[in-house]
Amino acid sequence: PGTLYVVATPIGNLDDLSARAIRLLGGVARVAAEDTRHSARLLSHLGLNKPMLSLHEHNEARRIDTLDRYLAEGEDIALISDAGTPLISDPGFVLVRELRARNRHIVPVPGPCALITALSGAGLPTDRFVFGGFLPAKPGARRQALEGWKTREETLVFYESPHRIVHTLEALNEQLAERDVVLARELTKTFETFLHGSPASLLAQLADDPNQARGEFVVIVAGAPPAVQSKQQAIDADTLLDALLAE
Ligand code: SAM
């Protein structure tokens, strides 16, 4: 049987496609892509012309048997998405879960991922973080989601679309006004920028320069100040007091 390669592709800069990804894309019999027309451009940039099939959220479940059959026939297949790592806010999870259940050989081929790229350049703590995916578009649901993240001490990472970035900053300004926020914009592209500040200051920065509100964004929010620490300090004080009284 063949192998399913889950191949990360660039999030902007085409030079970020790894040598291994290029070699594997050249070797597979077929490429499953989120949007075949979009990915055909990447393949043609590499001088490749491969049979492609689409795999997106609306047909992913139906594609499983088809792809499983190709693998059974010994074909190697690459799964790619429009940008970055498949399965990360992109299709592929259902396919990988089902093919794993069927004991197919699956090989991830790592590469660009916007959330990791953003974290690696933002300067907010990276030892622990929560990836929240896309915040809900509707204001009520978005408020509720942020309320749920509010007490997390880990750095929060969200994906956002350009037409909602101002709404999201407004919601952050209402609910998490004191936090440090980093907007990582247009990563790996010509106009890559990192903007940094409180939600209010970021809103002001975007109002000053509307170009900064364009493009693709990762939003990184500092975690809640540790609540446990004060409790810990209280316990330490008790222990100290006990020790002193014992003296
Ligand atoms: N699978 C992709 C990955 O590995 O990062 C993410 C796909 S998701 C549908 C698209 C979102 O990722 C965008 O709305 C944006 O939040 C983020 N993103 C993708 N490329 C980016 C870039 N070059 N700069 C900043 N954010 C980016």
# chains A, B, ... in the order shown; residues from 1 in each chain; ligands from 1
call {"tool": "residues_near_ligand", "arguments": {"ligand": "ligand 1", "cutoff": "6 Å", "atoms": "only C-alpha atoms and all ligand atoms", "output": "number ranges by chain"}}
result
A: 11-12, 83-86, 88-90, 113-115, 159-161, 184-188, 216-218
call {"tool": "select_by_dssp", "arguments": {"residues": "segment 30-59 of chain A", "states": "alpha helix (DSSP H)", "output": "PyMOL selection string"}}
result
chain A and resi 36-45
call {"tool": "atom_distance", "arguments": {"atom1": "atom CA of Ala19 of chain A", "atom2": "atom CA of Val109 of chain A"}}
result
10.6 Å
call {"tool": "closest_residue", "arguments": {"among": "A:Leu67, A:Leu79, A:Val96, A:Leu43", "to": "Ala8 of chain A", "atoms": "only C-alpha atoms"}}
result
A:Leu79
call {"tool": "residues_around", "arguments": {"residues": "Glu98 of chain A", "least_positions_apart": "6", "cutoff": "12 Å", "atoms": "only C-alpha atoms", "output": "PyMOL selection string"}}
result
chain A and resi 60-65+67-68+92+104-106
call {"tool": "closest_residue", "arguments": {"among": "A:Ala227, A:Leu203, A:Val31, A:Ala246", "to": "Val166 of chain A", "atoms": "only C-alpha atoms"}}
result
A:Leu203
call {"tool": "residues_around", "arguments": {"residues": "Arg23 of chain A", "least_positions_apart": "5", "cutoff": "12 Å", "atoms": "only C-alpha atoms", "output": "MDAnalysis selection string"}}
result
chainID A and resid 5 7 17:18 28 43 46:48 78 109
call {"tool": "closest_residue", "arguments": {"among": "A:Arg179, A:Arg152, A:His45, A:Arg142", "to": "Arg164 of chain A", "atoms": "only C-alpha atoms"}}
result
A:Arg142
call {"tool": "closest_residue", "arguments": {"among": "A:Ile77, A:Arg30, A:Pro1, A:Val182", "to": "Phe158 of chain A", "atoms": "only C-alpha atoms"}}
result
A:Val182
call {"tool": "residues_around", "arguments": {"residues": "Pro162 of chain A", "least_positions_apart": "3", "cutoff": "6 Å", "atoms": "only C-alpha atoms", "output": "number ranges by chain"}}
result
A: 165, 214-216
call {"tool": "atom_distance", "arguments": {"atom1": "atom CA of Gly132 of chain A", "atom2": "atom CA of Ser54 of chain A"}}
result
26.3 Å
call {"tool": "residues_around", "arguments": {"residues": "Leu124 of chain A", "least_positions_apart": "6", "cutoff": "10 Å", "atoms": "only C-alpha atoms", "output": "PyMOL selection string"}}
result
chain A and resi 118+155-156+180-182+220-223
call {"tool": "write_last_selection", "arguments": {"atoms": "C-alpha atoms", "output": "mmCIF file, in the first residue's frame"}}
result
data_model
loop_
_atom_site.group_PDB
_atom_site.id
_atom_site.type_symbol
_atom_site.label_atom_id
_atom_site.label_comp_id
_atom_site.auth_asym_id
_atom_site.auth_seq_id
_atom_site.Cartn_x
_atom_site.Cartn_y
_atom_site.Cartn_z
ATOM 1 C CA ALA A 118 3.792 34.137 14.948
ATOM 2 C CA THR A 155 -0.551 32.672 26.033
ATOM 3 C CA LEU A 156 -3.635 32.725 23.764
ATOM 4 C CA ASP A 180 -0.358 42.695 26.076
ATOM 5 C CA VAL A 181 -1.380 41.789 22.555
ATOM 6 C CA VAL A 182 0.760 41.147 19.488
ATOM 7 C CA ILE A 220 -1.449 36.654 20.318
ATOM 8 C CA VAL A 221 -2.712 37.630 23.759
ATOM 9 C CA ALA A 222 -0.679 37.391 26.978
ATOM 10 C CA GLY A 223 -2.144 34.893 29.436
#
call {"tool": "residues_around", "arguments": {"residues": "Leu176 of chain A", "least_positions_apart": "3", "cutoff": "8 Å", "atoms": "only C-alpha atoms", "output": "PyMOL selection string"}}
result
chain A and resi 150+171-173+179+199
call {"tool": "write_last_selection", "arguments": {"atoms": "C-alpha atoms", "output": "CSV table (one decimal), in the first residue's frame"}}
result
chain,number,residue,atom,x,y,z
A,150,LYS,CA,-10.1,34.9,30.1
A,171,ALA,CA,-13.8,42.7,21.9
A,172,LEU,CA,-10.4,42.3,23.5
A,173,ASN,CA,-10.5,46.0,24.5
A,179,ARG,CA,-3.4,42.4,28.3
A,199,PRO,CA,-6.0,46.3,22.7
call {"tool": "atom_distance", "arguments": {"atom1": "atom CA of Gly111 of chain A", "atom2": "atom CA of Asp82 of chain A"}}
result
13.3 Å
call {"tool": "decode", "arguments": {"residues": "segment 9-158 of chain A", "atoms": "C-alpha atoms", "output": "PDB file, in the first residue's frame"}}
result
ATOM      1  CA  THR A   9       3.297  24.407   2.216  1.00  0.00           C
ATOM      2  CA  PRO A  10       4.285  28.107   2.459  1.00  0.00           C
ATOM      3  CA  ILE A  11       2.136  30.725   4.217  1.00  0.00           C
ATOM      4  CA  GLY A  12       3.413  33.437   1.915  1.00  0.00           C
ATOM      5  CA  ASN A  13       7.068  33.029   1.004  1.00  0.00           C
ATOM      6  CA  LEU A  14       7.478  30.238  -1.555  1.00  0.00           C
ATOM      7  CA  ASP A  15      11.089  29.705  -0.485  1.00  0.00           C
ATOM      8  CA  ASP A  16       9.732  28.223   2.742  1.00  0.00           C
ATOM      9  CA  LEU A  17       8.756  25.004   0.968  1.00  0.00           C
ATOM     10  CA  SER A  18      11.225  22.445   2.281  1.00  0.00           C
ATOM     11  CA  ALA A  19      13.513  20.390   0.062  1.00  0.00           C
ATOM     12  CA  ARG A  20      11.803  17.282   1.410  1.00  0.00           C
ATOM     13  CA  ALA A  21       8.340  18.635   0.581  1.00  0.00           C
ATOM     14  CA  ILE A  22       9.466  19.433  -2.973  1.00  0.00           C
ATOM     15  CA  ARG A  23      10.955  15.968  -3.413  1.00  0.00           C
ATOM     16  CA  LEU A  24       7.837  14.230  -2.064  1.00  0.00           C
ATOM     17  CA  LEU A  25       5.421  16.361  -4.089  1.00  0.00           C
ATOM     18  CA  GLY A  26       7.432  15.367  -7.150  1.00  0.00           C
ATOM     19  CA  GLY A  27       7.221  11.694  -6.265  1.00  0.00           C
ATOM     20  CA  VAL A  28       3.581  11.143  -5.329  1.00  0.00           C
ATOM     21  CA  ALA A  29       1.007   9.827  -7.764  1.00  0.00           C
ATOM     22  CA  ARG A  30      -1.653  12.313  -6.728  1.00  0.00           C
ATOM     23  CA  VAL A  31      -2.198  15.452  -4.707  1.00  0.00           C
ATOM     24  CA  ALA A  32      -5.268  16.036  -2.558  1.00  0.00           C
ATOM     25  CA  ALA A  33      -5.735  19.764  -2.046  1.00  0.00           C
ATOM     26  CA  GLU A  34      -8.191  22.057  -0.335  1.00  0.00           C
ATOM     27  CA  ASP A  35      -8.563  24.161  -3.471  1.00  0.00           C
ATOM     28  CA  THR A  36      -7.130  22.441  -6.535  1.00  0.00           C
ATOM     29  CA  ARG A  37      -6.884  25.605  -8.612  1.00  0.00           C
ATOM     30  CA  HIS A  38      -4.970  27.414  -5.883  1.00  0.00           C
ATOM     31  CA  SER A  39      -2.612  24.474  -5.340  1.00  0.00           C
ATOM     32  CA  ALA A  40      -2.146  23.873  -9.075  1.00  0.00           C
ATOM     33  CA  ARG A  41      -0.304  27.210  -9.105  1.00  0.00           C
ATOM     34  CA  LEU A  42       2.100  25.992  -6.420  1.00  0.00           C
ATOM     35  CA  LEU A  43       2.701  22.738  -8.308  1.00  0.00           C
ATOM     36  CA  SER A  44       3.247  24.519 -11.596  1.00  0.00           C
ATOM     37  CA  HIS A  45       5.720  26.855  -9.842  1.00  0.00           C
ATOM     38  CA  LEU A  46       7.606  23.628  -9.037  1.00  0.00           C
ATOM     39  CA  GLY A  47       7.254  22.456 -12.639  1.00  0.00           C
ATOM     40  CA  LEU A  48       4.902  19.666 -11.591  1.00  0.00           C
ATOM     41  CA  ASN A  49       1.706  18.548 -13.213  1.00  0.00           C
ATOM     42  CA  LYS A  50      -0.077  15.993 -11.036  1.00  0.00           C
ATOM     43  CA  PRO A  51      -3.526  14.495 -10.949  1.00  0.00           C
ATOM     44  CA  MET A  52      -5.309  16.409  -8.196  1.00  0.00           C
ATOM     45  CA  LEU A  53      -8.449  15.940  -6.231  1.00  0.00           C
ATOM     46  CA  SER A  54     -10.183  18.361  -3.942  1.00  0.00           C
ATOM     47  CA  LEU A  55     -10.541  17.748  -0.243  1.00  0.00           C
ATOM     48  CA  HIS A  56     -12.447  20.398   1.667  1.00  0.00           C
ATOM     49  CA  GLU A  57     -14.800  20.512   4.609  1.00  0.00           C
ATOM     50  CA  HIS A  58     -17.830  19.716   2.444  1.00  0.00           C
ATOM     51  CA  ASN A  59     -16.507  16.553   0.787  1.00  0.00           C
ATOM     52  CA  GLU A  60     -13.835  15.327   3.195  1.00  0.00           C
ATOM     53  CA  ALA A  61     -15.927  12.443   4.579  1.00  0.00           C
ATOM     54  CA  ARG A  62     -16.840  11.266   1.073  1.00  0.00           C
ATOM     55  CA  ARG A  63     -13.245  11.415  -0.145  1.00  0.00           C
ATOM     56  CA  ILE A  64     -11.971   8.946   2.431  1.00  0.00           C
ATOM     57  CA  ASP A  65     -12.924   5.777   0.557  1.00  0.00           C
ATOM     58  CA  THR A  66     -11.572   7.143  -2.713  1.00  0.00           C
ATOM     59  CA  LEU A  67      -8.208   8.029  -1.170  1.00  0.00           C
ATOM     60  CA  ASP A  68      -8.121   4.770   0.761  1.00  0.00           C
ATOM     61  CA  ARG A  69      -8.562   2.883  -2.502  1.00  0.00           C
ATOM     62  CA  TYR A  70      -5.691   4.736  -4.164  1.00  0.00           C
ATOM     63  CA  LEU A  71      -3.487   3.910  -1.165  1.00  0.00           C
ATOM     64  CA  ALA A  72      -4.590   0.251  -1.321  1.00  0.00           C
ATOM     65  CA  GLU A  73      -3.541   0.224  -4.974  1.00  0.00           C
ATOM     66  CA  GLY A  74      -0.072   1.316  -3.905  1.00  0.00           C
ATOM     67  CA  GLU A  75      -0.256   4.991  -4.804  1.00  0.00           C
ATOM     68  CA  ASP A  76       1.497   7.566  -2.641  1.00  0.00           C
ATOM     69  CA  ILE A  77      -0.627  10.661  -2.075  1.00  0.00           C
ATOM     70  CA  ALA A  78       0.213  14.121  -0.770  1.00  0.00           C
ATOM     71  CA  LEU A  79      -2.333  16.118   1.194  1.00  0.00           C
ATOM     72  CA  ILE A  80      -1.793  19.877   1.091  1.00  0.00           C
ATOM     73  CA  SER A  81      -3.929  22.876   2.021  1.00  0.00           C
ATOM     74  CA  ASP A  82      -4.060  26.415   0.636  1.00  0.00           C
ATOM     75  CA  ALA A  83      -1.321  27.517   3.027  1.00  0.00           C
ATOM     76  CA  GLY A  84       0.654  26.171   5.940  1.00  0.00           C
ATOM     77  CA  THR A  85       0.134  22.907   7.721  1.00  0.00           C
ATOM     78  CA  PRO A  86      -2.909  20.819   6.743  1.00  0.00           C
ATOM     79  CA  LEU A  87      -5.327  20.039   9.615  1.00  0.00           C
ATOM     80  CA  ILE A  88      -4.417  23.273  11.438  1.00  0.00           C
ATOM     81  CA  SER A  89      -7.600  25.317  10.897  1.00  0.00           C
ATOM     82  CA  ASP A  90      -7.682  23.502   7.564  1.00  0.00           C
ATOM     83  CA  PRO A  91      -9.187  20.241   6.239  1.00  0.00           C
ATOM     84  CA  GLY A  92      -7.587  16.860   6.804  1.00  0.00           C
ATOM     85  CA  PHE A  93      -8.339  15.814  10.370  1.00  0.00           C
ATOM     86  CA  VAL A  94     -11.259  13.523   9.479  1.00  0.00           C
ATOM     87  CA  LEU A  95      -9.218  11.923   6.699  1.00  0.00           C
ATOM     88  CA  VAL A  96      -6.174  11.331   8.897  1.00  0.00           C
ATOM     89  CA  ARG A  97      -8.303   9.954  11.743  1.00  0.00           C
ATOM     90  CA  GLU A  98     -10.088   7.508   9.423  1.00  0.00           C
ATOM     91  CA  LEU A  99      -6.967   6.403   7.583  1.00  0.00           C
ATOM     92  CA  ARG A 100      -5.187   5.854  10.903  1.00  0.00           C
ATOM     93  CA  ALA A 101      -8.114   3.723  12.036  1.00  0.00           C
ATOM     94  CA  ARG A 102      -7.593   1.692   8.855  1.00  0.00           C
ATOM     95  CA  ASN A 103      -3.876   1.338   9.623  1.00  0.00           C
ATOM     96  CA  ARG A 104      -2.735   3.260   6.593  1.00  0.00           C
ATOM     97  CA  HIS A 105       0.798   4.620   6.526  1.00  0.00           C
ATOM     98  CA  ILE A 106       0.682   8.368   7.218  1.00  0.00           C
ATOM     99  CA  VAL A 107       3.761  10.584   7.235  1.00  0.00           C
ATOM    100  CA  PRO A 108       3.622  14.251   8.289  1.00  0.00           C
ATOM    101  CA  VAL A 109       6.069  16.498   6.477  1.00  0.00           C
ATOM    102  CA  PRO A 110       6.537  19.576   8.671  1.00  0.00           C
ATOM    103  CA  GLY A 111       6.904  23.128   7.493  1.00  0.00           C
ATOM    104  CA  PRO A 112       5.278  26.541   7.799  1.00  0.00           C
ATOM    105  CA  CYS A 113       2.460  27.085  10.261  1.00  0.00           C
ATOM    106  CA  ALA A 114       1.202  30.614  10.944  1.00  0.00           C
ATOM    107  CA  LEU A 115       0.601  30.129  14.668  1.00  0.00           C
ATOM    108  CA  ILE A 116       4.078  28.776  15.360  1.00  0.00           C
ATOM    109  CA  THR A 117       5.680  31.387  13.095  1.00  0.00           C
ATOM    110  CA  ALA A 118       3.792  34.137  14.948  1.00  0.00           C
ATOM    111  CA  LEU A 119       4.763  32.797  18.376  1.00  0.00           C
ATOM    112  CA  SER A 120       8.401  32.506  17.382  1.00  0.00           C
ATOM    113  CA  GLY A 121       8.556  36.216  16.557  1.00  0.00           C
ATOM    114  CA  ALA A 122       6.122  37.807  19.000  1.00  0.00           C
ATOM    115  CA  GLY A 123       8.033  37.976  22.267  1.00  0.00           C
ATOM    116  CA  LEU A 124       5.184  36.694  24.450  1.00  0.00           C
ATOM    117  CA  PRO A 125       5.704  33.571  26.575  1.00  0.00           C
ATOM    118  CA  THR A 126       5.827  30.393  24.518  1.00  0.00           C
ATOM    119  CA  ASP A 127       6.386  27.753  27.224  1.00  0.00           C
ATOM    120  CA  ARG A 128       2.647  27.144  27.339  1.00  0.00           C
ATOM    121  CA  PHE A 129       0.038  28.424  24.908  1.00  0.00           C
ATOM    122  CA  VAL A 130      -3.533  27.700  23.864  1.00  0.00           C
ATOM    123  CA  PHE A 131      -4.529  27.835  20.236  1.00  0.00           C
ATOM    124  CA  GLY A 132      -8.123  29.050  19.977  1.00  0.00           C
ATOM    125  CA  GLY A 133      -8.464  28.704  16.200  1.00  0.00           C
ATOM    126  CA  PHE A 134     -10.803  31.319  14.732  1.00  0.00           C
ATOM    127  CA  LEU A 135     -12.929  33.228  17.228  1.00  0.00           C
ATOM    128  CA  PRO A 136     -16.653  33.039  16.423  1.00  0.00           C
ATOM    129  CA  ALA A 137     -17.801  35.732  13.976  1.00  0.00           C
ATOM    130  CA  LYS A 138     -20.992  36.649  15.855  1.00  0.00           C
ATOM    131  CA  PRO A 139     -20.456  39.220  18.626  1.00  0.00           C
ATOM    132  CA  GLY A 140     -22.341  37.258  21.299  1.00  0.00           C
ATOM    133  CA  ALA A 141     -20.524  34.011  20.634  1.00  0.00           C
ATOM    134  CA  ARG A 142     -17.207  35.844  20.376  1.00  0.00           C
ATOM    135  CA  ARG A 143     -17.749  37.525  23.745  1.00  0.00           C
ATOM    136  CA  GLN A 144     -18.610  34.176  25.287  1.00  0.00           C
ATOM    137  CA  ALA A 145     -15.559  32.493  23.791  1.00  0.00           C
ATOM    138  CA  LEU A 146     -13.265  35.239  25.132  1.00  0.00           C
ATOM    139  CA  GLU A 147     -14.941  34.968  28.535  1.00  0.00           C
ATOM    140  CA  GLY A 148     -14.008  31.285  28.512  1.00  0.00           C
ATOM    141  CA  TRP A 149     -10.336  32.023  27.657  1.00  0.00           C
ATOM    142  CA  LYS A 150     -10.055  34.869  30.145  1.00  0.00           C
ATOM    143  CA  THR A 151      -8.779  32.885  33.115  1.00  0.00           C
ATOM    144  CA  ARG A 152      -6.238  30.842  31.139  1.00  0.00           C
ATOM    145  CA  GLU A 153      -2.708  31.634  32.188  1.00  0.00           C
ATOM    146  CA  GLU A 154      -1.227  30.352  28.948  1.00  0.00           C
ATOM    147  CA  THR A 155      -0.551  32.672  26.033  1.00  0.00           C
ATOM    148  CA  LEU A 156      -3.635  32.725  23.764  1.00  0.00           C
ATOM    149  CA  VAL A 157      -3.260  32.442  20.016  1.00  0.00           C
ATOM    150  CA  PHE A 158      -6.066  33.101  17.511  1.00  0.00           C
TER     151      PHE A 158
END
